[in-house]
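Next comes my_file36.txt, with compact mmCIF, C-alpha atoms.
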```txt
# COMPACT_ATOMS: atom_id res chain seq x y z
CA MET A 1 29.08 2.75 -6.58
CA HIS A 2 25.57 2.02 -7.82
CA GLU A 3 23.22 4.85 -6.86
CA GLY A 4 19.91 6.08 -8.23
CA SER A 5 16.16 5.71 -8.07
CA SER A 6 16.33 1.90 -8.31
CA THR A 7 18.97 1.39 -5.61
CA VAL A 8 18.10 -1.11 -2.87
CA THR A 9 17.98 1.01 0.30
CA TRP A 10 15.82 -1.14 2.59
CA LEU A 11 15.26 -4.82 3.35
CA GLN A 12 11.87 -6.04 4.56
CA LEU A 13 11.07 -9.33 6.24
CA TYR A 14 8.45 -10.68 3.87
CA GLY A 15 4.97 -10.78 5.33
CA THR A 16 5.82 -8.44 8.20
CA ASP A 17 6.00 -4.68 8.74
CA THR A 18 9.68 -4.98 9.77
CA LEU A 19 12.06 -2.96 7.60
CA TYR A 20 15.83 -2.55 7.86
CA GLU A 21 17.50 0.52 6.37
CA LEU A 22 20.75 0.13 4.44
CA ARG A 23 22.36 3.40 5.43
CA SER A 24 25.13 5.05 3.43
CA LEU A 25 28.40 3.19 3.89
CA SER A 26 31.32 4.88 5.57
CA ARG A 27 34.31 5.79 3.42
CA GLY A 28 36.39 2.71 2.63
CA ILE A 29 33.62 0.24 3.53
CA MET A 30 32.03 -1.50 0.54
CA HIS A 31 29.56 -3.91 2.11
CA TYR A 32 26.92 -4.48 4.78
CA THR A 33 26.69 -7.57 6.96
CA LEU A 34 23.51 -9.53 7.68
CA GLY A 35 22.99 -12.14 10.39
CA SER A 36 21.54 -12.82 13.82
CA ALA A 37 24.52 -11.47 15.83
CA SER A 38 24.18 -8.04 17.39
CA GLY A 39 27.30 -6.75 15.64
CA GLN A 40 25.83 -7.13 12.13
CA ASP A 41 24.64 -4.12 10.10
CA THR A 42 21.28 -5.83 9.58
CA VAL A 43 20.28 -7.99 12.54
CA ILE A 44 17.52 -10.56 12.01
CA ARG A 45 17.04 -12.11 15.43
CA SER A 46 16.18 -15.73 14.73
CA PRO A 47 17.59 -19.03 15.96
CA TYR A 48 17.42 -20.28 12.37
CA ILE A 49 19.77 -17.60 10.96
CA PRO A 50 23.55 -17.81 11.53
CA ALA A 51 25.33 -15.06 13.44
CA GLN A 52 27.13 -13.96 10.26
CA TYR A 53 24.98 -15.00 7.34
CA CYS A 54 25.82 -12.97 4.26
CA ARG A 55 27.33 -9.78 2.93
CA LEU A 56 25.56 -7.15 0.86
CA VAL A 57 28.15 -5.53 -1.39
CA ARG A 58 27.64 -2.21 -3.18
CA THR A 59 29.03 -2.53 -6.72
CA PRO A 60 28.75 -0.53 -9.96
CA LEU A 61 26.23 -3.16 -11.12
CA GLY A 62 24.07 -2.97 -8.01
CA LEU A 63 23.75 -4.70 -4.65
CA ARG A 64 25.45 -8.09 -4.64
CA VAL A 65 24.46 -10.66 -2.01
CA VAL A 66 27.29 -13.01 -1.02
CA ASP A 67 26.54 -16.04 1.17
CA ARG A 68 29.20 -16.62 3.83
CA GLU A 69 29.18 -20.41 3.42
CA SER A 70 26.12 -20.81 5.63
CA LYS A 71 24.89 -24.34 6.34
CA ASN A 72 21.42 -23.83 4.84
CA GLY A 73 22.49 -21.55 2.01
CA THR A 74 20.83 -18.55 0.36
CA TYR A 75 18.16 -19.04 -2.28
CA PHE A 76 17.32 -16.66 -5.10
CA GLU A 77 14.76 -17.23 -7.86
CA GLY A 78 14.27 -20.82 -6.72
CA LYS A 79 17.95 -21.83 -6.71
CA ARG A 80 20.64 -22.01 -4.05
CA LYS A 81 23.29 -19.45 -4.95
CA ARG A 82 26.48 -18.31 -3.34
CA SER A 83 26.14 -14.82 -4.83
CA PHE A 84 23.68 -12.84 -6.95
CA TYR A 85 22.66 -9.27 -7.73
CA LEU A 86 19.59 -7.96 -5.95
CA GLU A 87 17.18 -5.43 -7.42
CA PRO A 88 14.21 -3.65 -5.80
CA GLY A 89 11.13 -5.86 -5.69
CA LYS A 90 13.14 -9.09 -5.70
CA VAL A 91 13.10 -11.64 -2.89
CA PHE A 92 15.77 -13.94 -1.49
CA THR A 93 15.45 -16.64 1.16
CA VAL A 94 17.65 -17.09 4.21
CA GLY A 95 17.84 -19.43 7.19
CA ALA A 96 16.70 -22.93 8.03
CA CYS A 97 13.04 -21.87 8.21
CA SER A 98 13.07 -20.10 4.85
CA GLN A 99 12.73 -16.51 6.00
CA ARG A 100 12.14 -14.42 2.90
CA VAL A 101 13.64 -10.94 2.52
CA LEU A 102 12.28 -8.34 0.10
CA ALA A 103 14.53 -5.68 -1.45
CA VAL A 104 13.00 -2.20 -1.34
CA ASP A 105 14.08 1.12 -2.86
CA ASN A 106 13.26 4.63 -1.60
CA LYS A 107 10.21 4.98 -3.86
CA MET A 108 8.71 1.74 -2.54
CA HIS A 109 9.50 2.74 1.03
CA ALA A 110 7.83 6.14 0.57
CA HIS A 111 4.64 4.48 -0.69
CA TYR A 112 4.64 1.69 1.89
CA PRO A 113 2.44 3.50 4.48
CA ALA A 114 -0.23 4.09 1.84
CA LEU A 115 0.02 0.47 0.68
CA THR A 116 -0.55 -0.82 4.19
CA ALA A 117 -3.44 1.58 4.76
CA ILE A 118 -5.24 0.44 1.60
CA LEU A 119 -4.39 -3.27 1.61
CA GLY A 120 -4.25 -3.78 5.36
CA TYR A 121 -1.39 -4.08 7.80
CA GLU A 122 0.52 -7.35 7.58
CA ASP A 123 -1.11 -8.84 10.69
CA GLU A 124 -4.57 -8.20 9.20
CA HIS A 125 -3.82 -10.83 6.55
CA THR A 126 -3.42 -13.72 8.95
CA GLY A 127 -5.84 -16.46 7.92
CA GLN A 128 -7.21 -14.73 4.81
CA ARG A 129 -6.06 -14.86 1.20
CA GLU A 130 -8.43 -12.59 -0.70
CA THR A 131 -6.35 -9.42 -0.31
CA PRO A 132 -2.60 -9.58 -1.04
CA ARG A 133 -0.12 -8.39 1.55
CA PRO A 134 1.73 -5.13 0.81
CA SER A 135 4.90 -7.15 0.15
CA ASP A 136 2.98 -9.32 -2.36
CA LEU A 137 1.87 -6.22 -4.23
CA VAL A 138 5.39 -4.78 -4.38
CA VAL A 139 6.59 -7.98 -6.05
CA ALA A 140 3.64 -7.98 -8.47
CA ALA A 141 4.22 -4.32 -9.32
CA VAL A 142 7.85 -4.94 -10.25
CA ALA A 143 6.95 -8.09 -12.18
CA GLY A 144 4.63 -6.03 -14.40
CA SER A 145 1.58 -8.16 -13.68
CA HIS A 146 -1.78 -7.08 -15.05
CA MET A 147 -4.20 -6.42 -12.20
CA LEU A 148 -7.90 -6.36 -11.50
CA ILE A 149 -8.78 -4.38 -8.37
CA THR A 150 -12.30 -5.03 -7.11
CA SER A 151 -13.89 -3.22 -4.20
CA GLU A 152 -16.74 -1.14 -2.96
CA PRO A 153 -16.56 2.57 -3.91
CA GLN A 154 -14.11 4.83 -2.05
CA CYS A 155 -11.70 2.05 -1.03
CA ASP A 156 -8.83 4.01 -2.65
CA GLN A 157 -8.59 1.60 -5.56
CA ASP A 158 -7.50 4.39 -7.94
CA HIS A 159 -4.78 5.47 -5.49
CA LEU A 160 -3.57 1.86 -5.22
CA ALA A 161 -3.36 1.55 -9.01
CA ARG A 162 -1.24 4.69 -9.21
CA ILE A 163 1.08 3.41 -6.48
CA VAL A 164 1.56 0.18 -8.44
CA HIS A 165 2.64 2.24 -11.44
CA ALA A 166 4.85 4.53 -9.33
CA ILE A 167 6.89 1.65 -7.88
CA SER A 168 7.15 -0.33 -11.11
CA LEU A 169 10.22 -0.57 -13.33
CA PHE A 170 8.43 1.42 -16.06
CA ARG A 171 7.40 4.39 -13.92
CA GLU A 172 9.28 6.81 -16.20
CA ARG A 173 6.72 6.07 -18.93
CA PRO A 174 3.24 7.56 -18.43
CA LEU A 175 0.13 6.09 -16.90
CA VAL A 176 -2.95 6.67 -19.05
CA ALA A 177 -6.21 6.67 -17.12
CA LEU A 178 -9.50 5.99 -18.89
CA ASP A 179 -12.34 6.92 -16.53
CA GLN A 180 -14.83 6.03 -19.21
CA VAL A 181 -14.16 3.19 -21.61
CA PRO A 182 -14.28 4.73 -25.12
CA SER A 183 -14.98 2.94 -28.35
CA GLY A 184 -12.39 0.61 -29.75
CA GLN A 185 -11.77 2.93 -32.72
CA ALA A 186 -11.17 5.94 -30.46
CA MET A 187 -8.69 4.01 -28.33
CA GLN A 188 -6.76 2.70 -31.31
CA GLY A 189 -6.25 6.26 -32.52
CA ASP A 190 -5.09 7.66 -29.19
CA PRO A 191 -1.32 8.40 -29.43
CA ALA A 192 -0.98 8.51 -25.62
CA LEU A 193 -1.72 4.80 -25.44
CA HIS A 194 1.28 4.01 -27.63
CA GLN A 195 3.59 5.61 -25.02
CA ALA A 196 1.86 4.25 -21.92
CA ALA A 197 3.49 1.88 -19.46
CA THR A 198 0.20 1.43 -17.60
CA VAL A 199 -3.37 1.73 -18.81
CA LEU A 200 -5.82 2.28 -15.98
CA LEU A 201 -9.34 1.20 -16.90
CA ASN A 202 -12.05 2.38 -14.54
CA LEU A 203 -14.87 0.01 -15.47
CA GLY A 204 -17.27 1.17 -12.76
CA ASP A 205 -20.57 -0.59 -13.31
CA ASN A 206 -20.12 -0.66 -17.10
CA ARG A 207 -20.76 -4.07 -18.68
CA ALA A 208 -20.31 -3.12 -22.35
CA ARG A 209 -17.77 -5.42 -23.99
CA LEU A 210 -14.57 -3.79 -25.23
CA ASP A 211 -13.59 -4.35 -28.83
CA PRO A 212 -11.92 -7.82 -28.71
CA ALA A 213 -9.15 -6.81 -31.12
CA PHE A 214 -8.16 -3.85 -28.96
CA THR A 215 -8.40 -5.90 -25.75
CA SER A 216 -6.02 -8.47 -27.26
CA ARG A 217 -3.64 -5.65 -28.13
CA LEU A 218 -3.73 -4.28 -24.58
CA PHE A 219 -2.80 -7.66 -23.14
CA SER A 220 -0.25 -8.56 -25.81
CA PRO A 221 3.35 -8.90 -24.50
CA LYS A 222 4.47 -7.16 -27.68
CA TYR A 223 3.35 -3.72 -26.48
CA GLN A 224 4.65 -4.03 -22.88
CA ILE A 225 1.59 -2.35 -21.39
CA ARG A 226 0.38 -3.18 -17.91
CA VAL A 227 -3.41 -3.12 -17.61
CA ILE A 228 -4.92 -2.23 -14.25
CA ALA A 229 -8.70 -2.52 -14.25
CA LEU A 230 -10.94 -1.20 -11.48
CA ALA A 231 -14.38 -2.78 -11.10
CA ARG A 232 -17.06 -3.47 -8.52
CA SER A 233 -16.84 -7.19 -9.21
CA VAL A 234 -15.08 -9.87 -11.22
CA ALA A 235 -18.34 -10.42 -13.13
CA ILE A 236 -18.16 -6.87 -14.49
CA ALA A 237 -14.54 -7.36 -15.57
CA ASN A 238 -15.47 -10.64 -17.29
CA ALA A 239 -18.22 -8.85 -19.23
CA VAL A 240 -15.97 -5.97 -20.36
CA LEU A 241 -12.59 -7.65 -20.87
CA GLY A 242 -13.57 -11.27 -21.46
CA GLU A 243 -13.08 -14.21 -19.12
CA ARG A 244 -9.95 -15.39 -20.95
CA HIS A 245 -8.05 -12.22 -20.06
CA VAL A 246 -9.45 -11.89 -16.54
CA LYS A 247 -8.24 -15.40 -15.65
CA GLU A 248 -4.67 -14.31 -16.41
CA ILE A 249 -4.86 -11.12 -14.31
CA LYS A 250 -3.66 -10.87 -10.72
CA GLN A 251 -6.85 -10.20 -8.77
CA VAL A 252 -6.78 -7.82 -5.81
CA TRP A 253 -9.84 -7.47 -3.60
CA LEU A 254 -9.92 -4.54 -1.17
CA ALA A 255 -11.80 -5.13 2.06
CA PRO A 256 -14.31 -2.43 3.07
CA LEU A 257 -13.51 -0.58 6.27
CA ARG A 258 -16.44 -2.10 8.13
CA SER A 259 -14.50 -5.39 8.10
CA ARG A 260 -11.27 -3.75 9.29
CA SER A 261 -12.34 -2.56 12.73
CA ALA A 262 -8.96 -3.41 14.29
CA ALA A 263 -7.21 -1.02 11.88
CA ILE A 264 -9.47 2.03 12.28
CA HIS A 265 -7.41 3.58 15.07
CA TRP A 266 -4.18 3.18 13.10
CA LEU A 267 -5.77 4.62 9.97
CA LEU A 268 -7.18 7.64 11.81
CA ASP A 269 -3.89 8.29 13.58
CA GLY A 270 -2.16 8.22 10.19
CA MET A 271 -4.63 10.78 8.84
CA PHE A 272 -4.15 12.99 11.90
CA GLN A 273 -0.40 12.86 11.32
CA GLU A 274 -0.79 13.71 7.61
CA ARG A 275 -2.75 16.80 8.69
CA GLU A 276 0.02 17.73 11.13
CA SER A 277 -2.27 17.31 14.12
CA SER A 278 -1.09 15.92 17.45
CA LEU A 279 -4.53 14.37 18.04
CA ARG A 280 -4.49 10.58 18.50
CA VAL A 281 -7.33 8.13 19.03
CA ALA A 282 -5.70 6.96 22.26
CA ALA A 283 -6.33 10.44 23.73
CA MET A 284 -10.10 10.04 23.32
CA THR A 285 -12.42 8.58 25.92
CA PRO A 286 -12.66 4.76 25.92
CA TYR A 287 -16.31 5.07 24.84
CA ASN A 288 -15.44 7.21 21.81
CA GLN A 289 -12.56 4.92 20.87
CA ASP A 290 -14.94 1.97 20.83
CA VAL A 291 -17.54 3.91 18.80
CA LEU A 292 -14.97 4.73 16.11
CA ARG A 293 -13.84 1.10 15.98
CA ARG A 294 -17.41 -0.22 15.59
CA HIS A 295 -18.69 2.40 13.13
CA ARG A 296 -19.59 1.03 9.68
CA TRP A 297 -17.85 3.74 7.59
CA ALA A 298 -20.31 3.49 4.69
CA GLY A 299 -18.18 5.76 2.52
CA ASN A 300 -14.99 3.85 3.37
CA PHE A 301 -11.90 6.09 3.12
CA ALA A 302 -14.00 9.13 2.12
CA SER A 303 -15.97 8.80 5.35
CA LEU A 304 -12.83 8.24 7.41
CA ARG A 305 -11.06 11.31 5.97
CA GLU A 306 -14.14 13.40 6.68
CA ALA A 307 -14.09 12.13 10.26
CA ALA A 308 -10.39 12.95 10.63
CA ASP A 309 -10.96 16.57 9.55
CA ARG A 310 -13.95 16.99 11.83
CA LEU A 311 -12.41 15.35 14.88
CA ILE A 312 -9.33 17.55 14.59
CA ALA A 313 -11.60 20.60 14.47
CA VAL A 314 -13.54 19.44 17.53
CA ALA A 315 -10.35 18.86 19.52
CA ARG A 316 -8.87 22.22 18.50
CA GLN A 317 -11.96 24.41 18.84
CA GLY A 318 -13.23 23.01 22.13
CA SER A 319 -16.90 22.66 21.15
CA LEU A 320 -19.04 21.21 18.36
CA ARG A 321 -20.45 24.61 17.44
CA LYS A 322 -17.05 26.26 17.10
CA ALA A 323 -15.75 23.27 15.13
CA ALA A 324 -18.73 23.44 12.76
CA LEU A 325 -18.26 27.17 12.17
CA ALA A 326 -14.51 26.71 11.60
CA LEU A 327 -15.28 24.12 8.90
CA GLY A 328 -18.14 26.08 7.35
CA ILE A 329 -20.75 23.46 8.27
CA PRO A 330 -24.17 24.32 9.78
CA PRO A 331 -23.91 23.53 13.52
CA ALA A 332 -27.10 21.40 13.48
CA THR A 333 -25.70 19.31 10.60
CA PHE A 334 -22.38 18.89 12.39
CA HIS A 335 -24.06 17.88 15.67
CA HIS A 336 -26.20 15.32 13.85
CA TRP A 337 -23.11 13.78 12.26
CA TYR A 338 -21.19 13.69 15.54
CA ALA A 339 -23.93 12.40 17.86
CA ASN A 340 -26.31 10.49 15.60
CA ILE A 341 -24.46 9.25 12.55
CA VAL A 342 -21.17 8.33 14.23
CA GLY A 343 -22.56 8.12 17.78
CA LEU A 344 -19.80 9.97 19.63
CA GLU A 345 -20.27 11.58 23.01
CA LEU A 346 -18.85 14.66 24.70
CA PRO A 347 -16.21 15.16 25.82
CA LEU A 348 -14.29 13.80 22.85
CA LEU A 349 -11.04 13.50 24.79
CA ALA A 350 -10.36 11.71 28.03
CA ASP A 351 -8.49 14.78 29.27
CA ALA A 352 -10.52 17.88 28.46
CA ARG A 353 -7.33 19.97 28.60
CA THR A 354 -5.79 18.09 25.64
CA LEU A 355 -5.93 20.13 22.40
CA GLY A 356 -8.72 22.28 23.76
CA GLY A 357 -10.91 19.47 25.03
CA ALA A 358 -14.35 19.81 23.39
CA SER A 359 -16.65 19.34 26.34
CA GLN A 360 -19.40 21.70 25.24
CA PRO A 361 -21.83 21.34 22.32
```

In structure tokens, what does this structure look like?
Amino acid sequence: MHEGSSTVTWLQLYGTDTLYELRSLSRGIMHYTLGSASGQDTVIRSPYIPAQYCRLVRTPLGLRVVDRESKNGTYFEGKRKRSFYLEPGKVFTVGACSQRVLAVDNKMHAHYPALTAILGYEDEHTGQRETPRPSDLVVAAVAGSHMLITSEPQCDQDHLARIVHAISLFRERPLVALDQVPSGQAMQGDPALHQAATVLLNLGDNRARLDPAFTSRLFSPKYQIRVIALARSVAIANAVLGERHVKEIKQVWLAPLRSRSAAIHWLLDGMFQERESSLRVAAMTPYNQDVLRRHRWAGNFASLREAADRLIAVARQGSLRKAALALGIPPATFHHWYANIVGLELPLLADARTLGGASQP
């Protein structure tokens, strides 16, 4: 039986947040079933998918997809195939309406919440093409594509780059991060670069051109190095890396939080959960919920994480003053942030008995 870090353990409907777990098979059973009928192991409810569509067979070589002579067939890598082996990060197509299914391993699944938080939930991508969907990025990560991530500061671009490396096929080899672009001679003599699977270049606002010979080496297929560059704009990347290389890079633009108002509640709830707090935005007054949704979040994720910490303290301590003292912040500074910068009102919660309430300054 094929087991290990690269085993397909989940299937995701491409372009959605719907995931199906491939649980451990019972003794004597060697395959899963996929189709639209309720008795299948993986049920994709669609009128365009047959009741019993295909089997997913665990073999020593990996997960083998076997089409069960369906009318519309199963497509993999652009061709109709009766059977093929499926690896994490690969996509196959099923049904009359070409429903794509993405294979996911445990590492990808573990990072998926962070991917959706940074890139946007799947339904945020309707009608816009600038930012790839999380499923798009999983495929690009496995393909080894070079990437240019552009964004405002504090949009978690560094975290995204490290996730791309962590879910790639070369994650056992190191990621080498260069926060400041050194001289070409210094880079050529760095032994760590010879072992790297991913080189992370934080270009910042730097516009100094890298040594062209070294840049060509970085992007050469011979060395099997993935380059992930972080920059404020494509113009900066063009200046440092050269337009020829930038044109060949997969470009990822991260939207600032001020343009993601519909996701703010989900993002905050995720941060509350990470901090093991039972606080949820839905427990706050309607006015405060609306304020959080409309706030500009100038520091992007840094501002949102600060808000999560402070809101948890307010809910637990029952007053702004006690929350400020618990966090080691001067009460006047804390009150200014709460009432003037963010614009929240007291009480924070709709039910003052929830988590202590916070109805007093």

Original post:
Which one of A:Ala255, A:Val104, A:Met271, A:Ala196 sits closest to Asn300 in chain A if you count only C-alpha atoms?
Top reply: A:Ala255

Original post:
Counting all atoms listed in the file, what is within 8 Å of Ile228 in chain A, bar same-chain residues fewer than 2 positions away, as number ranges by chain?
Top reply: A: 146-149, 161, 198-201, 226, 230

Original post:
What would the list of residues within 10 Å of (17.0, 2.6, 5.3) (file frame) look like as a ChimeraX atom specification, if all atoms listed in the file are what count?
Top reply: /A:8-11,19-24,104-106,109

Could you name the residues that touch Ala231 in chain A at 7 Å or less, counting all atoms listed in the file, but leaving out those on the same chain fewer than 6 positions away, as a compact mmCIF listing (two decimals) with C-alpha atoms, in the coordinates of the input?
```
# COMPACT_ATOMS: atom_id res chain seq x y z
CA ILE A 149 -8.78 -4.38 -8.37
CA THR A 150 -12.30 -5.03 -7.11
CA SER A 151 -13.89 -3.22 -4.20
CA ASN A 202 -12.05 2.38 -14.54
CA LEU A 203 -14.87 0.01 -15.47
CA GLY A 204 -17.27 1.17 -12.76
CA ASP A 205 -20.57 -0.59 -13.31
CA ALA A 237 -14.54 -7.36 -15.57
```

**OP:** Anything within 9 Å of (3.7, -3.9, -20.8): list those residues as an MDAnalysis selection string, counting all atoms listed in the file and sticking to the file's coordinates.
**Re:** chainID A and resid 144:146 170 196:198 218:227

Subject >> Between CA of Lys81 in chain A and CA of Val94 in chain A, distance in Å (one decimal) >> reply: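 Separating CA of Lys81 in chain A from CA of Val94 in chain A is a distance of 11.0 Å.
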
**OP:** Find, counting only C-alpha atoms, the residue in A:Pro330, A:Pro256, A:Gly343, A:Pro50 that gets nearest to Asp290 in chain A.
**Re:** A:Gly343

**OP:** Between CA of Ala298 in chain A and CA of Pro286 in chain A, measure the distance and give it in Å to one decimal.
**Re:**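 We find that CA of Ala298 in chain A and CA of Pro286 in chain A lie 22.6 Å from each other.
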
Original post:
How many Å lie between CA of Ala262 in chain A and CA of Ala110 in chain A, rounded to one decimal?
Top reply: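 Straight-line distance from CA of Ala262 in chain A to CA of Ala110 in chain A works out to 23.7 Å.
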
Subject >> Among the residues A:Ser6, A:Ile29, A:Val252, A:Leu63, the one that comes closest to Glu172 in chain A [using all atoms listed in the file] >> reply: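 Of all the options, A:Ser6 lies closest to Glu172 in chain A.
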
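Comparing A:Glu124, A:Glu248, A:Glu243, A:Asp309 by their smallest distance to Leu268 in chain A, the closest is A:Asp309 (using only C-alpha atoms).
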
Subject >> Within 12 Å of Arg260 in chain A using only C-alpha atoms, minus same-chain residues under 6 positions, as a list in words >> reply: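 After dropping sequence-adjacent residues, the list is Ala117, Ile118, Leu119, Gly120, Tyr121, Asp123, Glu124, His125, Cys155, Leu254, Trp266, Leu267, Leu292, Arg293, Arg294, His295, Arg296, Trp297, Asn300 and Phe301 of chain A.
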
**OP:** Have a look at A:Ile44, A:Leu25, A:Ala339, A:Leu349 and name the one nearest to Gln12 in chain A; count only C-alpha atoms.
**Re:** A:Ile44

**OP:** Could you tell me which of A:Arg310, A:Arg133, A:Lys71, A:Arg55 comes closest to Arg275 in chain A if we count all atoms listed in the file?
**Re:**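 Among the listed residues, A:Arg310 lies closest to Arg275 in chain A.
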